[in-house]
$ cat coords.cif   # mmCIF, C-alpha atoms
data_work
#
loop_
_atom_site.label_atom_id
_atom_site.label_comp_id
_atom_site.auth_asym_id
_atom_site.auth_seq_id
_atom_site.Cartn_x
_atom_site.Cartn_y
_atom_site.Cartn_z
CA MET A 23 -6.43 -27.00 5.17
CA LYS A 24 -3.81 -28.63 7.35
CA ASN A 25 -0.17 -29.01 6.47
CA SER A 26 2.81 -30.90 7.75
CA LEU A 27 5.35 -28.34 6.67
CA LYS A 28 6.80 -27.98 10.14
CA VAL A 29 7.26 -31.76 10.43
CA GLU A 30 8.83 -31.99 6.99
CA ARG A 31 11.14 -29.17 7.93
CA ALA A 32 12.12 -30.92 11.15
CA ILE A 33 12.86 -34.15 9.24
CA LYS A 34 15.10 -32.29 6.83
CA ASN A 35 16.47 -30.24 9.72
CA ILE A 36 16.13 -26.94 7.88
CA THR A 37 15.12 -23.54 9.30
CA GLN A 38 12.27 -21.41 7.97
CA GLU A 39 14.83 -18.93 6.73
CA GLU A 40 16.76 -21.52 4.72
CA LEU A 41 13.63 -23.11 3.32
CA ALA A 42 12.32 -19.70 2.28
CA LYS A 43 15.58 -18.97 0.50
CA GLN A 44 15.56 -22.33 -1.29
CA ILE A 45 11.99 -21.88 -2.47
CA GLY A 46 12.32 -18.19 -3.25
CA VAL A 47 9.76 -16.68 -0.90
CA THR A 48 9.93 -14.62 2.28
CA ARG A 49 10.35 -16.24 5.67
CA GLN A 50 7.01 -14.71 6.66
CA ALA A 51 5.33 -16.74 3.91
CA ILE A 52 6.71 -20.04 5.27
CA ASN A 53 5.87 -19.02 8.82
CA SER A 54 2.29 -18.06 7.93
CA ILE A 55 1.76 -21.30 6.03
CA GLU A 56 2.95 -23.32 9.02
CA LEU A 57 0.64 -21.40 11.31
CA GLY A 58 -2.25 -22.07 8.95
CA LYS A 59 -2.73 -18.34 8.38
CA TYR A 60 -1.90 -18.44 4.71
CA VAL A 61 -2.84 -20.89 1.97
CA PRO A 62 -0.06 -21.02 -0.62
CA SER A 63 -0.66 -20.86 -4.35
CA THR A 64 -0.50 -24.06 -6.38
CA ILE A 65 2.91 -23.02 -7.67
CA LEU A 66 4.31 -22.59 -4.18
CA ALA A 67 2.74 -25.86 -3.01
CA LEU A 68 4.32 -27.67 -5.97
CA LYS A 69 7.69 -26.10 -5.25
CA LEU A 70 7.49 -27.25 -1.63
CA SER A 71 6.44 -30.71 -2.77
CA ARG A 72 9.41 -30.87 -5.12
CA TYR A 73 11.78 -29.66 -2.45
CA PHE A 74 10.67 -32.26 0.11
CA ASN A 75 10.29 -34.91 -2.57
CA LYS A 76 6.78 -35.72 -1.41
CA GLY A 77 3.37 -35.47 -3.04
CA VAL A 78 1.40 -32.27 -2.48
CA ASN A 79 -1.37 -34.23 -0.70
CA GLU A 80 1.15 -35.66 1.68
CA ILE A 81 2.17 -32.18 2.82
CA PHE A 82 -1.20 -30.45 2.49
CA THR A 83 -4.46 -32.13 3.46
CA LEU A 84 -8.02 -30.88 3.26
CA GLU A 85 -10.10 -30.49 6.40
CA GLU A 86 -13.82 -31.10 6.88
CA THR A 87 -14.55 -27.39 6.68
CA ASP A 88 -12.77 -26.85 3.36
CA MET B 91 3.49 -15.47 -8.63
CA LYS B 92 4.48 -12.39 -10.57
CA THR B 93 2.71 -9.18 -11.34
CA LYS B 94 3.66 -6.64 -13.95
CA LEU B 95 1.55 -3.92 -12.42
CA LEU B 96 3.96 -2.93 -9.66
CA LEU B 97 6.83 -0.47 -9.99
CA PRO B 98 10.44 -1.58 -9.38
CA ASN B 99 11.73 -1.51 -5.82
CA GLN B 100 13.95 1.58 -6.42
CA PHE B 101 10.83 3.73 -6.69
CA LYS B 102 10.16 3.20 -2.99
CA LYS B 103 13.02 5.47 -1.89
CA ILE B 104 12.10 8.17 -4.41
CA GLY B 105 8.53 7.86 -3.17
CA TRP B 106 9.45 8.48 0.47
CA CYS B 107 11.61 11.47 -0.56
CA LEU B 108 8.59 13.03 -2.26
CA LEU B 109 5.89 11.94 0.18
CA ILE B 110 7.47 13.09 3.45
CA PRO B 111 8.17 16.71 2.41
CA GLY B 112 4.79 16.71 0.67
CA LEU B 113 3.02 15.70 3.89
CA ILE B 114 4.98 18.18 6.02
CA PHE B 115 4.24 21.11 3.69
CA GLY B 116 0.71 19.81 3.27
CA LEU B 117 0.03 19.96 7.00
CA LEU B 118 1.65 23.41 7.21
CA THR B 119 -0.59 24.77 4.43
CA LEU B 120 -3.62 23.15 6.00
CA PHE B 121 -3.09 24.62 9.48
CA PHE B 122 -1.17 27.84 8.79
CA GLU B 123 -2.34 28.58 5.24
CA LEU B 124 1.23 28.63 4.07
CA ASP B 125 1.63 30.23 0.63
CA PHE B 126 4.99 30.89 -0.97
CA GLU B 127 4.80 34.30 -2.67
CA PHE B 128 7.31 33.34 -5.37
CA LEU B 129 5.02 30.54 -6.46
CA LYS B 130 2.42 32.97 -7.73
CA VAL B 131 2.65 32.32 -11.45
CA HIS B 132 0.69 32.24 -14.67
CA VAL B 133 -1.09 28.97 -15.23
CA PHE B 134 -3.09 27.50 -18.05
CA SER B 135 -6.63 26.56 -17.11
CA ILE B 136 -8.98 24.43 -19.17
CA TYR B 137 -12.08 25.75 -17.44
CA SER B 138 -12.56 28.48 -14.90
CA SER B 139 -15.93 29.46 -13.48
CA GLY B 140 -14.54 32.96 -12.96
CA SER B 141 -14.29 35.29 -9.99
CA ILE B 142 -17.24 37.17 -8.51
CA PHE B 143 -17.47 39.50 -11.51
CA GLY B 144 -16.29 37.29 -14.31
CA HIS B 145 -17.97 34.81 -16.60
CA PRO B 146 -16.87 31.25 -17.03
CA THR B 147 -13.92 30.95 -19.39
CA PHE B 148 -12.27 28.11 -21.27
CA PHE B 149 -8.57 27.66 -22.08
CA GLU B 150 -7.33 30.78 -20.37
CA ILE B 151 -4.11 31.90 -18.75
CA LEU B 152 -4.72 32.77 -15.10
CA LYS B 153 -2.62 33.94 -12.20
CA ASN B 154 -2.53 31.44 -9.35
CA ASN B 155 -0.40 30.53 -6.38
CA ILE B 156 0.69 27.00 -7.11
CA THR B 157 1.88 26.08 -3.58
CA ASP B 158 -1.07 23.77 -2.98
CA GLU B 159 -0.88 22.28 -6.47
CA LEU B 160 2.79 21.40 -6.02
CA ILE B 161 2.13 19.87 -2.61
CA ALA B 162 -0.74 17.77 -3.96
CA ILE B 163 1.45 16.50 -6.80
CA LEU B 164 4.26 15.68 -4.36
CA ILE B 165 1.94 13.72 -2.09
CA ILE B 166 0.14 11.83 -4.86
CA ILE B 167 3.23 10.82 -6.82
CA GLY B 168 5.14 10.06 -3.60
CA ALA B 169 2.32 7.95 -2.17
CA ILE B 170 1.81 6.07 -5.44
CA PHE B 171 5.53 5.28 -5.61
CA VAL B 172 5.66 4.12 -1.98
CA ALA B 173 2.44 2.13 -2.17
CA LEU B 174 2.86 0.50 -5.55
CA SER B 175 6.53 -0.31 -5.82
CA LYS B 176 7.66 -3.83 -5.08
CA GLU B 177 9.21 -4.88 -1.81
CA LYS B 178 12.80 -6.09 -2.06
CA ASN B 179 11.57 -9.66 -1.78
CA GLU B 180 8.05 -9.41 -3.10
CA ASP B 181 6.39 -12.84 -3.01
CA GLU B 182 2.85 -14.14 -3.06
CA PHE B 183 2.42 -13.67 0.68
CA ILE B 184 3.28 -9.97 0.40
CA LEU B 185 1.04 -9.74 -2.66
CA LYS B 186 -1.84 -11.05 -0.58
CA ASN B 187 -1.11 -8.49 2.12
CA ARG B 188 -1.14 -5.86 -0.63
CA LEU B 189 -4.59 -6.90 -1.81
CA ASP B 190 -5.99 -7.15 1.72
CA SER B 191 -4.59 -3.75 2.60
CA LEU B 192 -6.05 -2.20 -0.52
CA VAL B 193 -9.53 -3.54 0.25
CA TRP B 194 -9.15 -2.45 3.86
CA ALA B 195 -8.05 1.05 2.80
CA VAL B 196 -11.07 1.43 0.48
CA TYR B 197 -13.44 0.42 3.29
CA ILE B 198 -11.89 2.71 5.89
CA ASN B 199 -11.54 5.62 3.49
CA TYR B 200 -15.17 5.56 2.43
CA ALA B 201 -16.45 4.83 5.92
CA ILE B 202 -14.75 8.02 7.09
CA LEU B 203 -15.98 9.90 4.03
CA LEU B 204 -19.58 8.78 4.67
CA PHE B 205 -19.26 9.93 8.26
CA CYS B 206 -17.93 13.31 7.10
CA ILE B 207 -20.68 13.71 4.47
CA ILE B 208 -23.22 13.46 7.25
CA PHE B 209 -21.48 15.60 9.86
CA PHE B 210 -19.46 18.28 8.01
CA TYR B 211 -20.92 21.07 5.91
CA ASP B 212 -19.96 23.91 3.58
CA MET B 213 -16.29 24.95 3.60
CA ASP B 214 -15.47 22.35 6.22
CA PHE B 215 -16.64 19.64 3.87
CA LEU B 216 -14.40 21.12 1.19
CA THR B 217 -11.47 20.64 3.57
CA VAL B 218 -12.61 17.04 4.14
CA MET B 219 -12.69 16.46 0.38
CA MET B 220 -9.22 17.94 0.05
CA ILE B 221 -7.77 15.60 2.65
CA ASN B 222 -9.78 12.70 1.28
CA MET B 223 -7.91 12.95 -2.03
CA PHE B 224 -4.88 11.43 -0.33
CA THR B 225 -6.21 9.31 2.51
CA ILE B 226 -6.92 6.16 0.55
CA LEU B 227 -3.23 5.83 -0.35
CA ILE B 228 -2.09 6.87 3.11
CA PHE B 229 -4.37 4.30 4.79
CA PHE B 230 -3.09 1.65 2.41
CA ILE B 231 0.54 2.45 3.21
CA ILE B 232 -0.06 2.43 6.97
CA ARG B 233 -1.92 -0.87 6.97
CA PHE B 234 0.41 -2.59 4.48
CA TYR B 235 3.56 -1.77 6.43
CA TYR B 236 1.92 -2.48 9.77
CA VAL B 237 0.99 -6.01 8.67
CA LEU B 238 4.47 -6.57 7.22
CA TYR B 239 6.03 -5.34 10.44
CA LYS B 240 3.72 -7.53 12.53
CA SER B 241 4.36 -10.66 10.51
CA LYS B 242 8.10 -10.08 10.92
CA LYS B 243 7.76 -9.50 14.64
CA ASP B 244 5.49 -12.52 15.20
CA MET B 245 8.20 -14.67 13.69
CA SER B 246 11.15 -13.59 15.75
CA HIS B 247 10.50 -16.13 18.53
CA GLU B 248 9.74 -18.97 16.13
CA LYS B 249 12.41 -21.32 14.89
#

$ encode --input "coords.cif" --output "structure tokens"
Amino acid sequence: MKNSLKVERAIKNITQEELAKQIGVTRQAINSIELGKYVPSTILALKLSRYFNKGVNEIFTLEETD
Amino acid sequence: MKTKLLLPNQFKKIGWCLLIPGLIFGLLTLFFELDFEFLKVHVFSIYSSGSIFGHPTFFEILKNNITDELIAILIIIGAIFVALSKEKNEDEFILKNRLDSLVWAVYINYAILLFCIIFFYDMDFLTVMMINMFTILIFFIIRFYYVLYKSKKDMSHEK
């Protein structure tokens, strides 16, 4: 699964730390999601989608291998 | 994501305060057969197979040095508190690390145990079993905190 979290963050001009605080997770969680090391739960994905005001499929997209 | 199975964060400190002295005294007893004389007390035993002369007995009061018992209790309760209390900011990412570390600890623990079953015998195997009582929790703690530490360190140069 790919995600555009880093891009979305750049658009909003917000650091990992701030985003993590807003969403209520650790900074490591945000960092690992951006690096593609961690797939967030549906709840976390929905929270991110709500925060960025974008659909979940706009932020997270499936890859061929998924 | 929330779990009710973990202890509150405050237990972590208590856990370390029990675990560290437990491990220190544990190693001392293991290598120097440390036994505190004043800890020789009467204990209640559910089953005892008896000494060389005796017969097996049930529900009997025996005399025993409880140094090793106390140390084992210290280590187990301490390790459980450290391993299973929440982090200050427990989230789903940490929860995943917890699960991974637990699986990893089970694998490593039993891999080492299998190795020891094959290569250690008699009283030496008894020592292995004794240490093995605690290793699964110890391995978990080491791996869990190592991964947490690494994920924090990997981040420091990222904006």

$ resolve_selection --input "coords.cif" --expression "the PyMOL selection byres ((chain A) within 10 of (chain B))" --output "JSON list (two decimals) with C-alpha atoms, keeping the file's coordinate frame"
[["chain", "number", "residue", "atom", "x", "y", "z"],
["A", 28, "LYS", "CA", 6.80, -27.98, 10.14],
["A", 36, "ILE", "CA", 16.13, -26.94, 7.88],
["A", 37, "THR", "CA", 15.12, -23.54, 9.30],
["A", 38, "GLN", "CA", 12.27, -21.41, 7.97],
["A", 39, "GLU", "CA", 14.83, -18.93, 6.73],
["A", 46, "GLY", "CA", 12.32, -18.19, -3.25],
["A", 47, "VAL", "CA", 9.76, -16.68, -0.90],
["A", 48, "THR", "CA", 9.93, -14.62, 2.28],
["A", 49, "ARG", "CA", 10.35, -16.24, 5.67],
["A", 50, "GLN", "CA", 7.01, -14.71, 6.66],
["A", 51, "ALA", "CA", 5.33, -16.74, 3.91],
["A", 52, "ILE", "CA", 6.71, -20.04, 5.27],
["A", 53, "ASN", "CA", 5.87, -19.02, 8.82],
["A", 54, "SER", "CA", 2.29, -18.06, 7.93],
["A", 55, "ILE", "CA", 1.76, -21.30, 6.03],
["A", 60, "TYR", "CA", -1.90, -18.44, 4.71],
["A", 61, "VAL", "CA", -2.84, -20.89, 1.97],
["A", 62, "PRO", "CA", -0.06, -21.02, -0.62],
["A", 63, "SER", "CA", -0.66, -20.86, -4.35],
["A", 64, "THR", "CA", -0.50, -24.06, -6.38],
["A", 65, "ILE", "CA", 2.91, -23.02, -7.67],
["A", 66, "LEU", "CA", 4.31, -22.59, -4.18]]

$ resolve_selection --input "coords.cif" --expression "the PyMOL selection byres ((chain B and resi 111-118) around 10)" --output "list in words"
Trp106, Cys107, Leu108, Leu109, Ile110, Thr119, Leu120, Phe121, Phe122, Glu123, Leu124, Asp125, Thr157, Asp158, Leu160, Ile161, Ala162, Ile163, Leu164, Ile165, Ile166, Ile167, Gly168, Ala169, Ile221 and Phe224 of chain B

$ atom_distance --input "coords.cif" --atom1 "CA of Ser175 in chain B" --atom2 "CA of Asn199 in chain B"
21.2 Å

$ residues_near_point --input "coords.cif" --point "(0.0, -29.0, 7.4)" --cutoff "7 Å" --atoms "all atoms listed in the file" --output "VMD selection string"
chain A and resid 24 to 27 56 81 to 83

$ residues_around --input "coords.cif" --residues "Ser135 in chain B" --least-positions-apart "6" --cutoff "7 Å" --atoms "only C-alpha atoms" --output "CSV table (one decimal) with C-alpha atoms, keeping the file's coordinate frame"
chain,number,residue,atom,x,y,z
B,149,PHE,CA,-8.6,27.7,-22.1
B,150,GLU,CA,-7.3,30.8,-20.4
B,151,ILE,CA,-4.1,31.9,-18.8
B,152,LEU,CA,-4.7,32.8,-15.1

$ atom_distance --input "coords.cif" --atom1 "CA of Glu159 in chain B" --atom2 "CA of Arg188 in chain B"
28.7 Å

$ axis_aligned_box --input "coords.cif" --around "range 47-66 of chain A" --padding-each-side "4 Å" --output "JSON"
{"center_x": 3.8, "center_y": -19.3, "center_z": 1.8, "size_x": 21.2, "size_y": 17.4, "size_z": 27.0}

$ residues_near_point --input "coords.cif" --point "(12.3, -27.0, -1.1)" --cutoff "8 Å" --atoms "only C-alpha atoms" --output "JSON, numbers by chain"
{"A": [41, 44, 45, 69, 70, 71, 72, 73, 74]}

$ residues_around --input "coords.cif" --residues "Ile198 in chain B" --least-positions-apart "4" --cutoff "12 Å" --atoms "only C-alpha atoms" --output "list in words"
Ser191, Leu192, Val193, Trp194, Ile202, Leu203, Leu204, Phe205, Asn222, Thr225, Ile226, Leu227, Ile228, Phe229, Phe230, Ile232 and Arg233 of chain B

$ atom_distance --input "coords.cif" --atom1 "CA of Gly58 in chain A" --atom2 "CA of Leu185 in chain B"
17.3 Å

$ resolve_selection --input "coords.cif" --expression "the PyMOL selection byres ((chain B and resi 97) around 9)" --output "PyMOL selection string"
chain B and resi 94-96+98-102+171+174-176

$ write_last_selection --input "coords.cif" --atoms "C-alpha atoms" --output "PDB file, in the coordinates of the input"
ATOM      1  CA  LYS B  94       3.660  -6.640 -13.950  1.00  0.00           C
ATOM      2  CA  LEU B  95       1.550  -3.920 -12.420  1.00  0.00           C
ATOM      3  CA  LEU B  96       3.960  -2.930  -9.660  1.00  0.00           C
ATOM      4  CA  PRO B  98      10.440  -1.580  -9.380  1.00  0.00           C
ATOM      5  CA  ASN B  99      11.730  -1.510  -5.820  1.00  0.00           C
ATOM      6  CA  GLN B 100      13.950   1.580  -6.420  1.00  0.00           C
ATOM      7  CA  PHE B 101      10.830   3.730  -6.690  1.00  0.00           C
ATOM      8  CA  LYS B 102      10.160   3.200  -2.990  1.00  0.00           C
ATOM      9  CA  PHE B 171       5.530   5.280  -5.610  1.00  0.00           C
ATOM     10  CA  LEU B 174       2.860   0.500  -5.550  1.00  0.00           C
ATOM     11  CA  SER B 175       6.530  -0.310  -5.820  1.00  0.00           C
ATOM     12  CA  LYS B 176       7.660  -3.830  -5.080  1.00  0.00           C
TER      13      LYS B 176
END

$ closest_residue --input "coords.cif" --among "B:Thr147, B:Asn155, B:Thr217, B:Asn187" --to "Leu129 in chain B" --atoms "all atoms listed in the file"
B:Asn155

$ closest_residue --input "coords.cif" --among "B:Lys130, B:Met213, B:Pro146, B:Ile231" --to "Val196 in chain B" --atoms "all atoms listed in the file"
B:Ile231

$ build_atoms --input "coords.cif" --residues "range 173-208 of chain B" --atoms "N, CA and C atoms" --output "PDB file, in the coordinates of the input"
ATOM      1  N   ALA B 173       3.446   3.183  -2.292  1.00  0.00           N
ATOM      2  CA  ALA B 173       2.440   2.130  -2.170  1.00  0.00           C
ATOM      3  C   ALA B 173       2.585   1.057  -3.241  1.00  0.00           C
ATOM      4  N   LEU B 174       2.944   1.454  -4.444  1.00  0.00           N
ATOM      5  CA  LEU B 174       2.860   0.500  -5.550  1.00  0.00           C
ATOM      6  C   LEU B 174       4.198   0.058  -6.123  1.00  0.00           C
ATOM      7  N   SER B 175       5.270   0.285  -5.368  1.00  0.00           N
ATOM      8  CA  SER B 175       6.530  -0.310  -5.820  1.00  0.00           C
ATOM      9  C   SER B 175       6.752  -1.596  -5.048  1.00  0.00           C
ATOM     10  N   LYS B 176       7.464  -2.510  -5.684  1.00  0.00           N
ATOM     11  CA  LYS B 176       7.660  -3.830  -5.080  1.00  0.00           C
ATOM     12  C   LYS B 176       8.509  -3.753  -3.827  1.00  0.00           C
ATOM     13  N   GLU B 177       8.285  -4.685  -2.920  1.00  0.00           N
ATOM     14  CA  GLU B 177       9.210  -4.880  -1.810  1.00  0.00           C
ATOM     15  C   GLU B 177      10.467  -5.526  -2.378  1.00  0.00           C
ATOM     16  N   LYS B 178      11.546  -5.470  -1.592  1.00  0.00           N
ATOM     17  CA  LYS B 178      12.800  -6.090  -2.060  1.00  0.00           C
ATOM     18  C   LYS B 178      12.589  -7.554  -2.391  1.00  0.00           C
ATOM     19  N   ASN B 179      11.793  -8.219  -1.567  1.00  0.00           N
ATOM     20  CA  ASN B 179      11.570  -9.660  -1.780  1.00  0.00           C
ATOM     21  C   ASN B 179      10.072  -9.927  -1.923  1.00  0.00           C
ATOM     22  N   GLU B 180       9.484  -9.255  -2.876  1.00  0.00           N
ATOM     23  CA  GLU B 180       8.050  -9.410  -3.100  1.00  0.00           C
ATOM     24  C   GLU B 180       7.722 -10.866  -3.445  1.00  0.00           C
ATOM     25  N   ASP B 181       6.840 -11.488  -2.674  1.00  0.00           N
ATOM     26  CA  ASP B 181       6.390 -12.840  -3.010  1.00  0.00           C
ATOM     27  C   ASP B 181       4.870 -12.892  -2.884  1.00  0.00           C
ATOM     28  N   GLU B 182       4.313 -14.070  -3.032  1.00  0.00           N
ATOM     29  CA  GLU B 182       2.850 -14.140  -3.060  1.00  0.00           C
ATOM     30  C   GLU B 182       2.211 -13.792  -1.725  1.00  0.00           C
ATOM     31  N   PHE B 183       2.945 -14.011  -0.643  1.00  0.00           N
ATOM     32  CA  PHE B 183       2.420 -13.670   0.680  1.00  0.00           C
ATOM     33  C   PHE B 183       2.295 -12.153   0.833  1.00  0.00           C
ATOM     34  N   ILE B 184       3.310 -11.442   0.359  1.00  0.00           N
ATOM     35  CA  ILE B 184       3.280  -9.970   0.400  1.00  0.00           C
ATOM     36  C   ILE B 184       2.199  -9.445  -0.550  1.00  0.00           C
ATOM     37  N   LEU B 185       2.054 -10.116  -1.683  1.00  0.00           N
ATOM     38  CA  LEU B 185       1.040  -9.740  -2.660  1.00  0.00           C
ATOM     39  C   LEU B 185      -0.363  -9.857  -2.051  1.00  0.00           C
ATOM     40  N   LYS B 186      -0.541 -10.871  -1.222  1.00  0.00           N
ATOM     41  CA  LYS B 186      -1.840 -11.050  -0.580  1.00  0.00           C
ATOM     42  C   LYS B 186      -2.076  -9.936   0.446  1.00  0.00           C
ATOM     43  N   ASN B 187      -1.033  -9.603   1.179  1.00  0.00           N
ATOM     44  CA  ASN B 187      -1.110  -8.490   2.120  1.00  0.00           C
ATOM     45  C   ASN B 187      -1.455  -7.199   1.371  1.00  0.00           C
ATOM     46  N   ARG B 188      -0.879  -7.043   0.197  1.00  0.00           N
ATOM     47  CA  ARG B 188      -1.140  -5.860  -0.630  1.00  0.00           C
ATOM     48  C   ARG B 188      -2.630  -5.767  -0.979  1.00  0.00           C
ATOM     49  N   LEU B 189      -3.172  -6.888  -1.440  1.00  0.00           N
ATOM     50  CA  LEU B 189      -4.590  -6.900  -1.810  1.00  0.00           C
ATOM     51  C   LEU B 189      -5.481  -6.641  -0.600  1.00  0.00           C
ATOM     52  N   ASP B 190      -5.203  -7.343   0.497  1.00  0.00           N
ATOM     53  CA  ASP B 190      -5.990  -7.150   1.720  1.00  0.00           C
ATOM     54  C   ASP B 190      -5.952  -5.698   2.172  1.00  0.00           C
ATOM     55  N   SER B 191      -4.753  -5.121   2.134  1.00  0.00           N
ATOM     56  CA  SER B 191      -4.590  -3.750   2.600  1.00  0.00           C
ATOM     57  C   SER B 191      -5.343  -2.772   1.708  1.00  0.00           C
ATOM     58  N   LEU B 192      -5.354  -3.063   0.418  1.00  0.00           N
ATOM     59  CA  LEU B 192      -6.050  -2.200  -0.520  1.00  0.00           C
ATOM     60  C   LEU B 192      -7.559  -2.221  -0.246  1.00  0.00           C
ATOM     61  N   VAL B 193      -8.103  -3.410  -0.052  1.00  0.00           N
ATOM     62  CA  VAL B 193      -9.530  -3.540   0.250  1.00  0.00           C
ATOM     63  C   VAL B 193      -9.836  -2.830   1.567  1.00  0.00           C
ATOM     64  N   TRP B 194      -8.990  -3.057   2.542  1.00  0.00           N
ATOM     65  CA  TRP B 194      -9.150  -2.450   3.860  1.00  0.00           C
ATOM     66  C   TRP B 194      -9.133  -0.923   3.747  1.00  0.00           C
ATOM     67  N   ALA B 195      -8.185  -0.402   2.965  1.00  0.00           N
ATOM     68  CA  ALA B 195      -8.050   1.050   2.800  1.00  0.00           C
ATOM     69  C   ALA B 195      -9.289   1.643   2.137  1.00  0.00           C
ATOM     70  N   VAL B 196      -9.851   0.932   1.153  1.00  0.00           N
ATOM     71  CA  VAL B 196     -11.070   1.430   0.480  1.00  0.00           C
ATOM     72  C   VAL B 196     -12.216   1.494   1.483  1.00  0.00           C
ATOM     73  N   TYR B 197     -12.382   0.431   2.267  1.00  0.00           N
ATOM     74  CA  TYR B 197     -13.440   0.420   3.290  1.00  0.00           C
ATOM     75  C   TYR B 197     -13.302   1.577   4.269  1.00  0.00           C
ATOM     76  N   ILE B 198     -12.120   1.690   4.867  1.00  0.00           N
ATOM     77  CA  ILE B 198     -11.890   2.710   5.890  1.00  0.00           C
ATOM     78  C   ILE B 198     -12.072   4.105   5.303  1.00  0.00           C
ATOM     79  N   ASN B 199     -11.486   4.316   4.124  1.00  0.00           N
ATOM     80  CA  ASN B 199     -11.540   5.620   3.490  1.00  0.00           C
ATOM     81  C   ASN B 199     -12.991   6.062   3.280  1.00  0.00           C
ATOM     82  N   TYR B 200     -13.789   5.162   2.719  1.00  0.00           N
ATOM     83  CA  TYR B 200     -15.170   5.560   2.430  1.00  0.00           C
ATOM     84  C   TYR B 200     -16.054   5.562   3.663  1.00  0.00           C
ATOM     85  N   ALA B 201     -15.709   4.760   4.656  1.00  0.00           N
ATOM     86  CA  ALA B 201     -16.450   4.830   5.920  1.00  0.00           C
ATOM     87  C   ALA B 201     -16.268   6.209   6.531  1.00  0.00           C
ATOM     88  N   ILE B 202     -15.019   6.692   6.541  1.00  0.00           N
ATOM     89  CA  ILE B 202     -14.750   8.020   7.090  1.00  0.00           C
ATOM     90  C   ILE B 202     -15.414   9.095   6.237  1.00  0.00           C
ATOM     91  N   LEU B 203     -15.359   8.911   4.911  1.00  0.00           N
ATOM     92  CA  LEU B 203     -15.980   9.900   4.030  1.00  0.00           C
ATOM     93  C   LEU B 203     -17.500   9.966   4.264  1.00  0.00           C
ATOM     94  N   LEU B 204     -18.135   8.799   4.404  1.00  0.00           N
ATOM     95  CA  LEU B 204     -19.580   8.780   4.670  1.00  0.00           C
ATOM     96  C   LEU B 204     -19.892   9.521   5.967  1.00  0.00           C
ATOM     97  N   PHE B 205     -19.086   9.262   6.984  1.00  0.00           N
ATOM     98  CA  PHE B 205     -19.260   9.930   8.260  1.00  0.00           C
ATOM     99  C   PHE B 205     -19.156  11.451   8.076  1.00  0.00           C
ATOM    100  N   CYS B 206     -18.146  11.879   7.303  1.00  0.00           N
ATOM    101  CA  CYS B 206     -17.930  13.310   7.100  1.00  0.00           C
ATOM    102  C   CYS B 206     -19.031  13.950   6.248  1.00  0.00           C
ATOM    103  N   ILE B 207     -19.575  13.180   5.290  1.00  0.00           N
ATOM    104  CA  ILE B 207     -20.680  13.710   4.470  1.00  0.00           C
ATOM    105  C   ILE B 207     -21.847  14.075   5.364  1.00  0.00           C
ATOM    106  N   ILE B 208     -22.070  13.241   6.366  1.00  0.00           N
ATOM    107  CA  ILE B 208     -23.220  13.460   7.250  1.00  0.00           C
ATOM    108  C   ILE B 208     -22.972  14.574   8.269  1.00  0.00           C
TER     109      ILE B 208
END
